[in-house]
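Next comes data.cif, with mmCIF, C-alpha atoms.
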data_entry
loop_
_atom_site.group_PDB
_atom_site.id
_atom_site.type_symbol
_atom_site.label_atom_id
_atom_site.label_comp_id
_atom_site.auth_asym_id
_atom_site.auth_seq_id
_atom_site.Cartn_x
_atom_site.Cartn_y
_atom_site.Cartn_z
ATOM 1 C CA MET A 1 102.742 89.316 110.981
ATOM 2 C CA ARG A 2 102.495 91.871 108.162
ATOM 3 C CA LYS A 3 98.692 91.707 108.175
ATOM 4 C CA SER A 4 98.547 92.370 111.898
ATOM 5 C CA LEU A 5 100.839 95.394 111.560
ATOM 6 C CA VAL A 6 98.703 96.830 108.773
ATOM 7 C CA LEU A 7 95.538 96.220 110.802
ATOM 8 C CA LEU A 8 97.070 97.842 113.860
ATOM 9 C CA ALA A 9 98.127 100.897 111.843
ATOM 10 C CA LEU A 10 94.674 101.237 110.265
ATOM 11 C CA LEU A 11 92.825 100.876 113.542
ATOM 12 C CA SER A 12 95.049 103.332 115.385
ATOM 13 C CA THR A 13 94.736 105.851 112.553
ATOM 14 C CA SER A 14 90.970 105.527 112.446
ATOM 15 C CA LEU A 15 90.714 105.939 116.215
ATOM 16 C CA ALA A 16 92.897 109.046 116.132
ATOM 17 C CA GLY A 17 89.899 110.980 114.811
ATOM 18 C CA CYS A 18 88.063 110.288 118.070
ATOM 19 C CA VAL A 19 90.545 112.283 120.138
ATOM 20 C CA GLY A 20 89.178 115.564 121.444
ATOM 21 C CA GLY A 21 90.054 118.917 119.915
ATOM 22 C CA ASN A 22 92.611 119.720 122.654
ATOM 23 C CA GLY A 23 91.717 123.377 122.498
ATOM 24 C CA TYR A 24 91.692 123.608 118.710
ATOM 25 C CA GLY A 25 87.934 124.095 118.450
ATOM 26 C CA ASN A 26 86.086 122.514 115.558
ATOM 27 C CA SER A 27 88.759 120.537 113.820
ATOM 28 C CA PRO A 28 87.882 118.776 110.543
ATOM 29 C CA ALA A 29 88.228 115.438 112.360
ATOM 30 C CA ASN A 30 85.108 116.363 114.340
ATOM 31 C CA SER A 31 82.928 116.209 111.225
ATOM 32 C CA ALA A 32 80.313 113.446 111.339
ATOM 33 C CA ALA A 33 80.599 112.988 107.572
ATOM 34 C CA LEU A 34 84.373 112.589 107.734
ATOM 35 C CA ARG A 35 84.132 110.056 110.533
ATOM 36 C CA THR A 36 81.472 108.069 108.687
ATOM 37 C CA VAL A 37 83.404 107.986 105.399
ATOM 38 C CA GLY A 38 86.666 107.246 107.204
ATOM 39 C CA GLY A 39 85.028 104.420 109.127
ATOM 40 C CA ALA A 40 83.605 102.950 105.927
ATOM 41 C CA ALA A 41 86.984 103.066 104.185
ATOM 42 C CA THR A 42 88.787 101.545 107.154
ATOM 43 C CA GLY A 43 86.116 98.849 107.528
ATOM 44 C CA ALA A 44 86.402 97.889 103.853
ATOM 45 C CA VAL A 45 90.204 97.678 104.008
ATOM 46 C CA VAL A 46 90.182 95.626 107.205
ATOM 47 C CA ALA A 47 87.552 93.266 105.780
ATOM 48 C CA ASN A 48 89.607 92.875 102.603
ATOM 49 C CA LEU A 49 92.763 92.066 104.578
ATOM 50 C CA THR A 50 90.987 89.535 106.766
ATOM 51 C CA GLY A 51 89.139 87.853 103.901
ATOM 52 C CA GLY A 52 85.670 89.169 104.751
ATOM 53 C CA SER A 53 83.055 90.989 102.707
ATOM 54 C CA LYS A 54 84.167 94.529 101.836
ATOM 55 C CA THR A 55 80.559 95.714 101.732
ATOM 56 C CA LYS A 56 79.782 94.414 105.213
ATOM 57 C CA GLY A 57 83.077 95.797 106.525
ATOM 58 C CA ALA A 58 82.304 99.214 105.056
ATOM 59 C CA LEU A 59 78.821 99.190 106.570
ATOM 60 C CA ILE A 60 80.100 98.247 110.014
ATOM 61 C CA GLY A 61 82.872 100.851 109.763
ATOM 62 C CA ALA A 62 80.459 103.575 108.687
ATOM 63 C CA VAL A 63 78.124 102.847 111.594
ATOM 64 C CA ALA A 64 81.049 102.824 114.021
ATOM 65 C CA GLY A 65 82.485 106.054 112.591
ATOM 66 C CA GLY A 66 79.160 107.860 112.685
ATOM 67 C CA GLY A 67 78.372 106.418 116.105
ATOM 68 C CA SER A 68 81.622 107.765 117.477
ATOM 69 C CA CYS A 69 80.025 111.218 117.292
ATOM 70 C CA LEU A 70 77.388 110.066 119.747
ATOM 71 C CA ALA A 71 80.012 108.633 122.073
ATOM 72 C CA THR A 72 82.230 111.724 122.113
ATOM 73 C CA ASN A 73 79.442 114.309 121.587
ATOM 74 C CA ASN A 74 81.795 116.707 119.834
ATOM 75 C CA CYS A 75 80.842 116.483 116.144
ATOM 76 C CA TYR A 76 79.303 119.152 113.997
#
Give the structure from this file in structure tokens form.
Amino acid sequence: MRKSLVLLALLSTSLAGCVGGNGYGNSPANSAALRTVGGAATGAVVANLTGGSKTKGALIGAVAGGGSCLATNNCY
């Protein structure tokens, strides 16, 4: 139960960066570098909690974080 709560908190926090600027212009959360690093950190933590490889988790998270810029088209 505790693991699932931690995973849920991490995933919701990492997805919060994908929300649009809501009129605030270029917020720091719209940085491609920040999304990539944040995705890598979240991926490593999730992989560690689930017993997987931290390196693979970080790689998958970094690709997902950087790719979120393509999906939302609002990164600088």
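For the atom pair formed by atom CA of Gly61 of chain A and atom CA of Val45 of chain A, the distance is 9.8 Å, given to one decimal.
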Quick one: distance from atom CA of Ala41 of chain A to atom CA of Thr55 of chain A in Å, one decimal? 10.1 Å
What's the separation between atom CA of Ala40 of chain A and atom CA of Gly66 of chain A, in Å to one decimal place? 9.5 Å
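If you apply the PyMOL selection byres ((chain A and resi 47) around 12) to this structure, you end up with Lys3, Leu7, Leu10, Gly39, Ala40, Ala41, Thr42, Gly43, Ala44, Val45, Val46, Asn48, Leu49, Thr50, Gly51, Gly52, Ser53, Lys54, Thr55, Lys56, Gly57, Ala58, Leu59, Ile60 and Gly61 of chain A.
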